[in-house]
Each structure stands twice: as C-alpha cells, then as structure tokens.
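Reading through the structure tokens given below for one structure.
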Amino acid sequence: MWHNNILETIGNTPLVKLNSITKQVKGTVLVKLETTNPGNSIKDRMAVKMIADAEASGLLKPGGTIIEGTSGNTGMGLAIAAVIKGYRCIFTTTDKQSKEKIDALRAFGAEVIVCPTNVDPEDPRSYYSVSSRLEREIPNSWKANQYDNLSNTQAHYEQTGPEIWEQTEGKVTHLVVGVGTGGTISGAGKYLKEKNPRIKVWGIDSYGSVFKKYKETGIFDKDEIYPYITEGIGEDFLPKNVDFDVIDCFEKVTDKDAALMTRDIARKEGIFAGNSAGAAVAGLLQLKDKLTEDDVVVVVFHDHGSRYMGKMYNEDWLRERGFLEDEKLTAQTILRK
Ligand code: PMP
C-alpha cells in the first residue's frame with residue numbers, strides 16, 4: 001500500500017482527547033490535529049482544493065505561476081502542490097511572520113516577498129496590494145486569494161466537517177475554531193450544522209480584530225483594529241469565507257493567554273501545536289461555563305509548533321513581552337542574569 005504522491009496523504013487527521021489542561025471543562029474535549037498533513041497544517045486541504053478548482057475552471061493553466069498573500073501555512077500547501085503539479089509560486093507575506101515559516105516556503109522553491117504589517121490593506125506596500133500587482137504584471141499567473149476564494153470553505157465542507165462527524169460518530173456538540181480567512185469554521189461548521197442543527201460553532205478571535213464586534217453589532221468598527229501578536233487568526237477586514245450565519249459567537253483571546261496556552265499544550269498534553277491552537281483552547285476555557293458533562297467539543301489545531309520556536313516556545317521572547325512575569329525564573333534565566 002502506498003500513496004502515489006505526497007498530496008494523497010492530506011487529510012484524515014487524528015482526533016485526540018485532551019486530558020490535563022481541560023480538567024476544569026465539563027464534557028469531552030477532542031482536538032482535530034492537523035499537524036500530520038504534509039505541510040504540517042490544515043491549509044494543505046484548501047490549497048489543493050483551490051488549485052484543483054482553478055485548473056478545472058481554466059484560471060490556472062499548465063506552467064502557470066501561483067501568487068498569494070500568505071502568512072505561511074497556505075503558502076506551504078500551495079508550494080507543495082506546485083512542486084507536484086509543476087507551477088511556479090510567488091508569495092507575499094508580512095514582517096510579523098516567523099522566519100521559520102518564510103524559510104520553510106523557500107525550502108520548496110517558492111519565492112517570498114516580505115511586506116510591512118502595519119499598513120492598511122489598500123496601501124500599495126501591503127502584502128495584499130503587492131500580490132495583486134504581481135498578478136497583474138506576470139503573464140499566466142493566478143492569485144489564489146484565500147480570503148475570498150470560496151473553494152477554501154468548500155474544502156472544509158467536503159473534508160474537515162465530514163471527518164469530524166465520522167470520528168465522533170455524530171456525537172460532536174461544539175466546534176471551536178480560530179478564525180482567519182474563515183474557511184475552516186465556515187465549511188466544517190456548515191457541514192456539521194446540516195447534520196445536526198443543534199451543534200454550536202464558536203469562533204476564536206484576537207484582540208485587535210474586527211470579527212467579534214461585527215458579529216454582535218453588524219458594525220465594521222475600525223477602532224477594533226490594532227496590532228497584535230497571535231498568528232493566523234483575526235483580521236482587519238471581512239473575508240468572504242467568514243460565514244457569520246454559521247458562527248454562533250466569537251470569543252476574543254489576548255496575545256498573552258494564547259501564547260502561554262500554546263506552551264501549556266506541549267507541556268501538559270505532549271502536543272506540539274501552533275499559536276492558534278493555544279488561542280482556541282484559551283477561548284474554550286473562557287466559555288467553559290456554557291458546557292455540560294454530555295458535551296463533546298472538537299477544537300481545531302491548525303498547525304505545528306515547529307513554526308513558533310523563536311516565539312511562544314522561546315522563554316526570552318515570552319519574557320521580553322512580559323508574558324512570564326508571574327512565573328518563577330527557570331535555571332537557565334537565572335544563570336544568564
Ligand atoms: N491558525 C493558523 C495557524 C492559520 O494559519 C490560520 C489561517 N490563517 C488559521 C488558524 C485560521 O484558519 P482559517 O483561515 O481557515 O479561518
């Protein structure tokens with residue numbers, strides 16, 4: 001038994017029970033662990049689906065160039081698919097992203113252009129604008145546009161949602177997902193609600209992002225927007241892939257809580273996951289009073305901890321941001337003083 005190429009190994013990721021950090025939570029908490037995908041993130045699923053749909057509709061032609069503004073994980077999925085399918089890849093990303101993520105994209109032969117984070121999306125220097133310009137100027141190029149390309153949501157409607165339903169034998173009662181483009185929560189949430197309309201879908205948002213306020217008031221409030229550290233979730237605009245009707249509520253998590261919970265997941269559950277996994281679990285703990293003993297909660301862990309080695313898995317990084325002030329100093333830090 002073998003797979004014909006690496007792309008065939010995408011999906012069918014494990015569902016793993018949390019036992020320690022969720023002790024105070026009533027019910028069962030299961031993690032959909034997307035780190036086993038070849039690019040170590042859930043984004044492989046939608047990358048392959050976006051390419052397949054673009055090929056089918058003639059937008060992406062043989063020998064073409066794939067362009068995308070990506071924080072890394074989508075780029076990784078696109079880059080891997082491009083290797084197998086023979087496309088060139090050019091990505092624009094922001095200087096907020098970890099160096100590990102950018103180097104990993106380059107490892108697959110992709111070209112990466114780093115743009116400033118704290119400029120408006122409409123600013124010509126933003127990673128959105130730069131990628132649009134490259135698409136206009138490079139012949140036979142196609143911009144994947146993960147935020148508004150609904151193939152993204154569809155990938156999770158066709159794969160992630162059904163996998164969660166089958167793996168829980170239909171017992172899932174809550175889906176908890178960090179929201180960035182919105183593809184994961186909208187696709188998986190829609191599928192699960194079609195199977196059982198009583199399932200609750202909770203979106204995890206960052207302070208500095210517009211989603212929660214928009215869901216609660218219908219107002220796009222620019223005052224909600226400010227720089228934050230948590231990677232992969234929250235936005236300063238409304239992507240088409242966020243289906244606000246599928247999402248029952250949003251919960252905001254601070255950078256500190258997200259970072260420390262990410263670290264705790266490794267230390268207490270032995271699961272080496274990315275920053276948005278920490279945000280999702282921290283958000284779930286904030287909402288724990290809404291749960292009962294019979295509930296079965298599925299939390300999506302989008303990506304792998306290796307991409308955050310210089311960040312929340314690095315004690316100096318945590319301390320510089322004041323995230324460790326309540327903790328006793330470790331031997332390493334005492335000796336360095
Ligand atoms: N976590 C991480 C690490 C991500 O890269 C992303 C994608 N931006 C998300 C969460 C959010 O997933 P989605 O885009 O499907 O909403």
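Within each chain, counting starts at residue 1; across the structure tokens, chains are named A, B, ... in the order shown, with ligands numbered 1 upward in that order.
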### Those of segment 96-207 of chain A in DSSP strand (DSSP E or B), formatted as a PyMOL selection string
chain A and resi 111-115+141-143+174-178+200-206
Where in segment 245-332 of chain A does DSSP assign helix (DSSP H, G or I), given as an MDAnalysis selection string?
chainID A and resid 255:269 275:286 288:290 305:308 315:320 331:332
Requested write-out: C-alpha atoms of the selected residues, as a tab-separated table (two decimals), in the first residue's frame:
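Resulting contents of selection-v4.tsv:
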```tsv
chain	number	residue	atom	x	y	z
A	255	ASP	CA	-1.85	37.52	22.98
A	256	LYS	CA	-0.54	36.52	26.41
A	257	ASP	CA	-3.22	33.91	27.06
A	258	ALA	CA	-2.82	32.48	23.57
A	259	ALA	CA	0.97	32.30	23.87
A	260	LEU	CA	1.03	30.72	27.33
A	261	MET	CA	-1.69	28.22	26.46
A	262	THR	CA	0.23	27.20	23.32
A	263	ARG	CA	3.19	26.41	25.58
A	264	ASP	CA	0.97	24.59	28.08
A	265	ILE	CA	-0.46	22.33	25.38
A	266	ALA	CA	3.04	20.98	24.76
A	267	ARG	CA	3.93	20.78	28.46
A	268	LYS	CA	0.70	19.22	29.69
A	269	GLU	CA	-0.66	17.27	26.72
A	275	ASN	CA	-0.22	29.62	18.33
A	276	SER	CA	-3.84	29.48	17.15
A	277	ALA	CA	-4.29	26.14	18.95
A	278	GLY	CA	-3.36	27.90	22.18
A	279	ALA	CA	-5.79	30.71	21.36
A	280	ALA	CA	-8.58	28.20	20.66
A	281	VAL	CA	-8.08	26.31	23.94
A	282	ALA	CA	-7.78	29.57	25.92
A	283	GLY	CA	-11.03	30.75	24.30
A	284	LEU	CA	-12.73	27.47	25.13
A	285	LEU	CA	-11.71	27.80	28.79
A	286	GLN	CA	-13.22	31.32	28.81
A	288	LYS	CA	-16.43	26.69	29.78
A	289	ASP	CA	-19.50	27.65	31.82
A	290	LYS	CA	-21.64	27.12	28.73
A	305	GLY	CA	4.70	24.13	16.97
A	306	SER	CA	7.94	23.99	14.99
A	307	ARG	CA	6.97	27.23	13.24
A	308	TYR	CA	6.93	29.10	16.56
A	315	GLU	CA	11.48	31.84	27.04
A	316	ASP	CA	13.32	35.07	26.18
A	317	TRP	CA	10.62	36.01	23.67
A	318	LEU	CA	7.91	35.43	26.28
A	319	ARG	CA	9.77	37.36	28.95
A	320	GLU	CA	10.53	40.34	26.66
A	331	ALA	CA	17.55	27.87	35.99
A	332	GLN	CA	18.59	28.95	32.51
```
- request: Mind checking which residues fall within 10 Å of segment 29-33 of chain A, counting only C-alpha atoms, ignoring those fewer than 2 positions away in the same chain, and posting them as a PyMOL selection string?
  value: chain A and resi 12-19+21-23+25-27+35-37+40-42+160+163-164+167-168+172+174-176+271-273+277+281+284+295-304
What would the file look like if the residues just selected were written as a short mmCIF file (atom, residue, chain, number, x, y, z; two decimals), in the first residue's frame with N, CA and C atoms?
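out-v4.cif, freshly written:
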```cif
data_model
loop_
_atom_site.label_atom_id
_atom_site.label_comp_id
_atom_site.auth_asym_id
_atom_site.auth_seq_id
_atom_site.Cartn_x
_atom_site.Cartn_y
_atom_site.Cartn_z
N ASN A 12 -7.65 13.14 6.69
CA ASN A 12 -7.79 12.00 7.62
C ASN A 12 -6.85 12.16 8.83
N THR A 13 -6.88 13.35 9.39
CA THR A 13 -6.03 13.67 10.54
C THR A 13 -6.64 13.10 11.82
N PRO A 14 -5.80 12.85 12.83
CA PRO A 14 -6.34 12.22 14.05
C PRO A 14 -7.16 13.16 14.92
N LEU A 15 -8.02 12.56 15.72
CA LEU A 15 -8.79 13.29 16.73
C LEU A 15 -8.27 12.79 18.08
N VAL A 16 -7.79 13.71 18.91
CA VAL A 16 -7.10 13.31 20.14
C VAL A 16 -7.75 14.00 21.35
N LYS A 17 -7.98 13.24 22.41
CA LYS A 17 -8.63 13.79 23.60
C LYS A 17 -7.62 14.58 24.44
N LEU A 18 -8.04 15.73 24.93
CA LEU A 18 -7.23 16.48 25.89
C LEU A 18 -7.60 15.99 27.30
N ASN A 19 -6.60 15.84 28.16
CA ASN A 19 -6.87 15.25 29.47
C ASN A 19 -6.49 16.13 30.64
N ILE A 21 -5.14 19.97 30.49
CA ILE A 21 -5.45 21.42 30.52
C ILE A 21 -6.93 21.70 30.55
N THR A 22 -7.74 20.73 30.18
CA THR A 22 -9.19 20.97 30.13
C THR A 22 -9.90 20.31 31.31
N LYS A 23 -9.17 20.01 32.37
CA LYS A 23 -9.76 19.35 33.54
C LYS A 23 -10.97 20.09 34.10
N VAL A 25 -13.05 21.73 32.46
CA VAL A 25 -14.14 21.82 31.48
C VAL A 25 -15.03 20.60 31.62
N LYS A 26 -16.34 20.85 31.72
CA LYS A 26 -17.27 19.71 31.75
C LYS A 26 -17.37 19.17 30.33
N GLY A 27 -17.53 17.83 30.19
CA GLY A 27 -17.63 17.26 28.86
C GLY A 27 -16.28 16.80 28.34
N THR A 35 -1.63 18.75 12.30
CA THR A 35 -0.18 18.79 12.10
C THR A 35 0.33 17.62 11.28
N THR A 36 -0.48 16.59 11.10
CA THR A 36 0.00 15.41 10.36
C THR A 36 -0.13 15.58 8.84
N ASN A 37 -0.69 16.69 8.40
CA ASN A 37 -0.70 16.96 6.95
C ASN A 37 0.74 17.21 6.48
N ASN A 40 2.24 20.23 7.46
CA ASN A 40 2.07 20.41 8.92
C ASN A 40 0.96 21.40 9.28
N SER A 41 0.02 21.61 8.37
CA SER A 41 -1.12 22.47 8.75
C SER A 41 -2.37 22.08 7.97
N ILE A 42 -3.50 22.56 8.50
CA ILE A 42 -4.80 22.31 7.87
C ILE A 42 -4.89 22.93 6.49
N THR A 160 -13.06 18.37 6.17
CA THR A 160 -12.87 18.54 7.61
C THR A 160 -14.17 18.25 8.38
N GLU A 163 -15.07 14.49 8.31
CA GLU A 163 -14.14 13.71 9.16
C GLU A 163 -14.52 13.86 10.64
N ILE A 164 -14.83 15.08 11.06
CA ILE A 164 -15.19 15.31 12.47
C ILE A 164 -16.49 14.58 12.80
N GLN A 167 -15.58 10.77 12.90
CA GLN A 167 -14.69 10.39 14.00
C GLN A 167 -15.38 10.48 15.37
N THR A 168 -16.37 11.35 15.48
CA THR A 168 -17.10 11.44 16.75
C THR A 168 -18.39 10.61 16.70
N VAL A 172 -20.48 14.91 18.22
CA VAL A 172 -19.95 16.27 18.43
C VAL A 172 -21.11 17.24 18.75
N HIS A 174 -20.07 20.70 19.94
CA HIS A 174 -19.50 22.04 19.79
C HIS A 174 -18.26 21.97 18.90
N LEU A 175 -18.12 22.97 18.03
CA LEU A 175 -16.92 23.11 17.21
C LEU A 175 -16.27 24.44 17.58
N VAL A 176 -15.00 24.38 17.96
CA VAL A 176 -14.29 25.60 18.38
C VAL A 176 -13.10 25.81 17.42
N ILE A 271 1.44 17.74 23.07
CA ILE A 271 1.08 18.05 21.67
C ILE A 271 1.78 19.35 21.28
N PHE A 272 2.58 19.27 20.22
CA PHE A 272 3.38 20.40 19.78
C PHE A 272 2.61 21.14 18.68
N ALA A 273 1.83 22.14 19.12
CA ALA A 273 0.92 22.80 18.17
C ALA A 273 1.26 24.27 18.06
N ALA A 277 -3.77 27.23 18.11
CA ALA A 277 -4.29 26.14 18.95
C ALA A 277 -4.39 26.62 20.39
N VAL A 281 -7.86 26.94 22.64
CA VAL A 281 -8.08 26.31 23.94
C VAL A 281 -8.33 27.38 25.02
N LEU A 284 -11.81 28.49 24.62
CA LEU A 284 -12.73 27.47 25.13
C LEU A 284 -12.82 27.55 26.66
N ASP A 295 -21.39 17.12 26.79
CA ASP A 295 -20.92 17.77 25.57
C ASP A 295 -19.64 17.13 25.02
N VAL A 296 -19.55 17.13 23.72
CA VAL A 296 -18.35 16.66 23.02
C VAL A 296 -17.86 17.82 22.16
N VAL A 297 -16.75 18.41 22.60
CA VAL A 297 -16.23 19.62 21.95
C VAL A 297 -15.07 19.22 21.04
N VAL A 298 -15.10 19.69 19.81
CA VAL A 298 -13.95 19.48 18.92
C VAL A 298 -13.28 20.83 18.68
N VAL A 299 -11.99 20.90 19.02
CA VAL A 299 -11.19 22.11 18.81
C VAL A 299 -10.22 21.83 17.68
N VAL A 300 -10.17 22.73 16.70
CA VAL A 300 -9.23 22.51 15.59
C VAL A 300 -7.86 23.08 15.97
N PHE A 301 -6.82 22.23 15.83
CA PHE A 301 -5.43 22.67 15.98
C PHE A 301 -4.85 22.82 14.58
N HIS A 302 -4.71 24.07 14.14
CA HIS A 302 -4.40 24.31 12.73
C HIS A 302 -3.01 23.91 12.29
N ASP A 303 -2.00 24.17 13.15
CA ASP A 303 -0.64 23.92 12.65
C ASP A 303 0.33 23.50 13.75
N HIS A 304 1.57 23.31 13.36
CA HIS A 304 2.59 22.64 14.18
C HIS A 304 3.45 23.65 14.95
#
```
### Message
List as a list in words the protein and nucleic acid residues near segment 134-146 of chain A, meaning an atom at most 7 Å away when only C-alpha atoms are counted, but skip any in the same chain fewer than 6 places from it.
### Response
Met50, Leu59, Leu60, Gly64, Thr65, Ile66, Ile67, Glu68, Asn152 and Thr181 of chain A
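Ranking A:Met46, A:Val114, A:Ala104, A:Ile233 by their shortest atom-to-atom distance to Thr254 of chain A, with only C-alpha atoms included, puts A:Ile233 first.
Distances here use only C-alpha atoms and all ligand atoms; by that measure, the residue among A:Ile90, A:Leu238, A:Ala79, A:Ile185 closest to ligand 1 is A:Ile185.
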Can you pull out every residue within 12 Å of Ala107 of chain A, counting only C-alpha atoms, but drop anything in the same chain fewer than 2 positions away, and send it as a CSV table (one decimal) with C-alpha atoms, in the first residue's frame?
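Contents of out-v2.csv, as written:
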```
chain,number,residue,atom,x,y,z
A,39,GLY,CA,2.8,20.9,5.2
A,75,GLY,CA,1.8,29.1,1.1
A,76,MET,CA,3.2,25.8,2.3
A,79,ALA,CA,4.1,25.3,-2.6
A,80,ILE,CA,3.9,21.5,-2.0
A,83,VAL,CA,6.1,21.0,-6.8
A,89,CYS,CA,5.0,30.1,-6.7
A,100,GLU,CA,10.9,29.7,10.2
A,101,LYS,CA,7.7,29.9,8.2
A,102,ILE,CA,9.3,32.0,5.5
A,103,ASP,CA,12.3,29.8,5.2
A,104,ALA,CA,10.1,26.7,5.0
A,105,LEU,CA,8.3,28.2,2.0
A,109,GLY,CA,11.4,26.6,-4.1
A,110,ALA,CA,8.8,29.3,-3.6
A,111,GLU,CA,9.8,33.0,-3.9
A,112,VAL,CA,8.7,35.0,-0.9
```
Please list as a ChimeraX atom specification every residue within 12 Å of Val210 of chain A, counting only C-alpha atoms and excluding residues in the same chain fewer than 6 positions away. /A:179-180,204,216-227,233-239,242,250-252
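Proximity ranking of A:Asp53, A:Glu231, A:Glu194, A:Asp120 relative to Asn73 of chain A places A:Glu231 first, based on only C-alpha atoms.
Here atom 3 (C, counted along the ligand's line) of ligand 1 and atom CA of Pro197 of chain A stand 27.5 Å from one another.
For the set A:Pro124, A:Gly322, A:Gly63, A:Gly183, the residue with the smallest atom-to-atom gap to ligand 1 is A:Gly183, counting only C-alpha atoms and all ligand atoms.
Taking only C-alpha atoms and all ligand atoms into account, ligand 1 lies nearest to A:Thr74 out of the set A:Gln154, A:Asn196, A:Thr74, A:Thr292.
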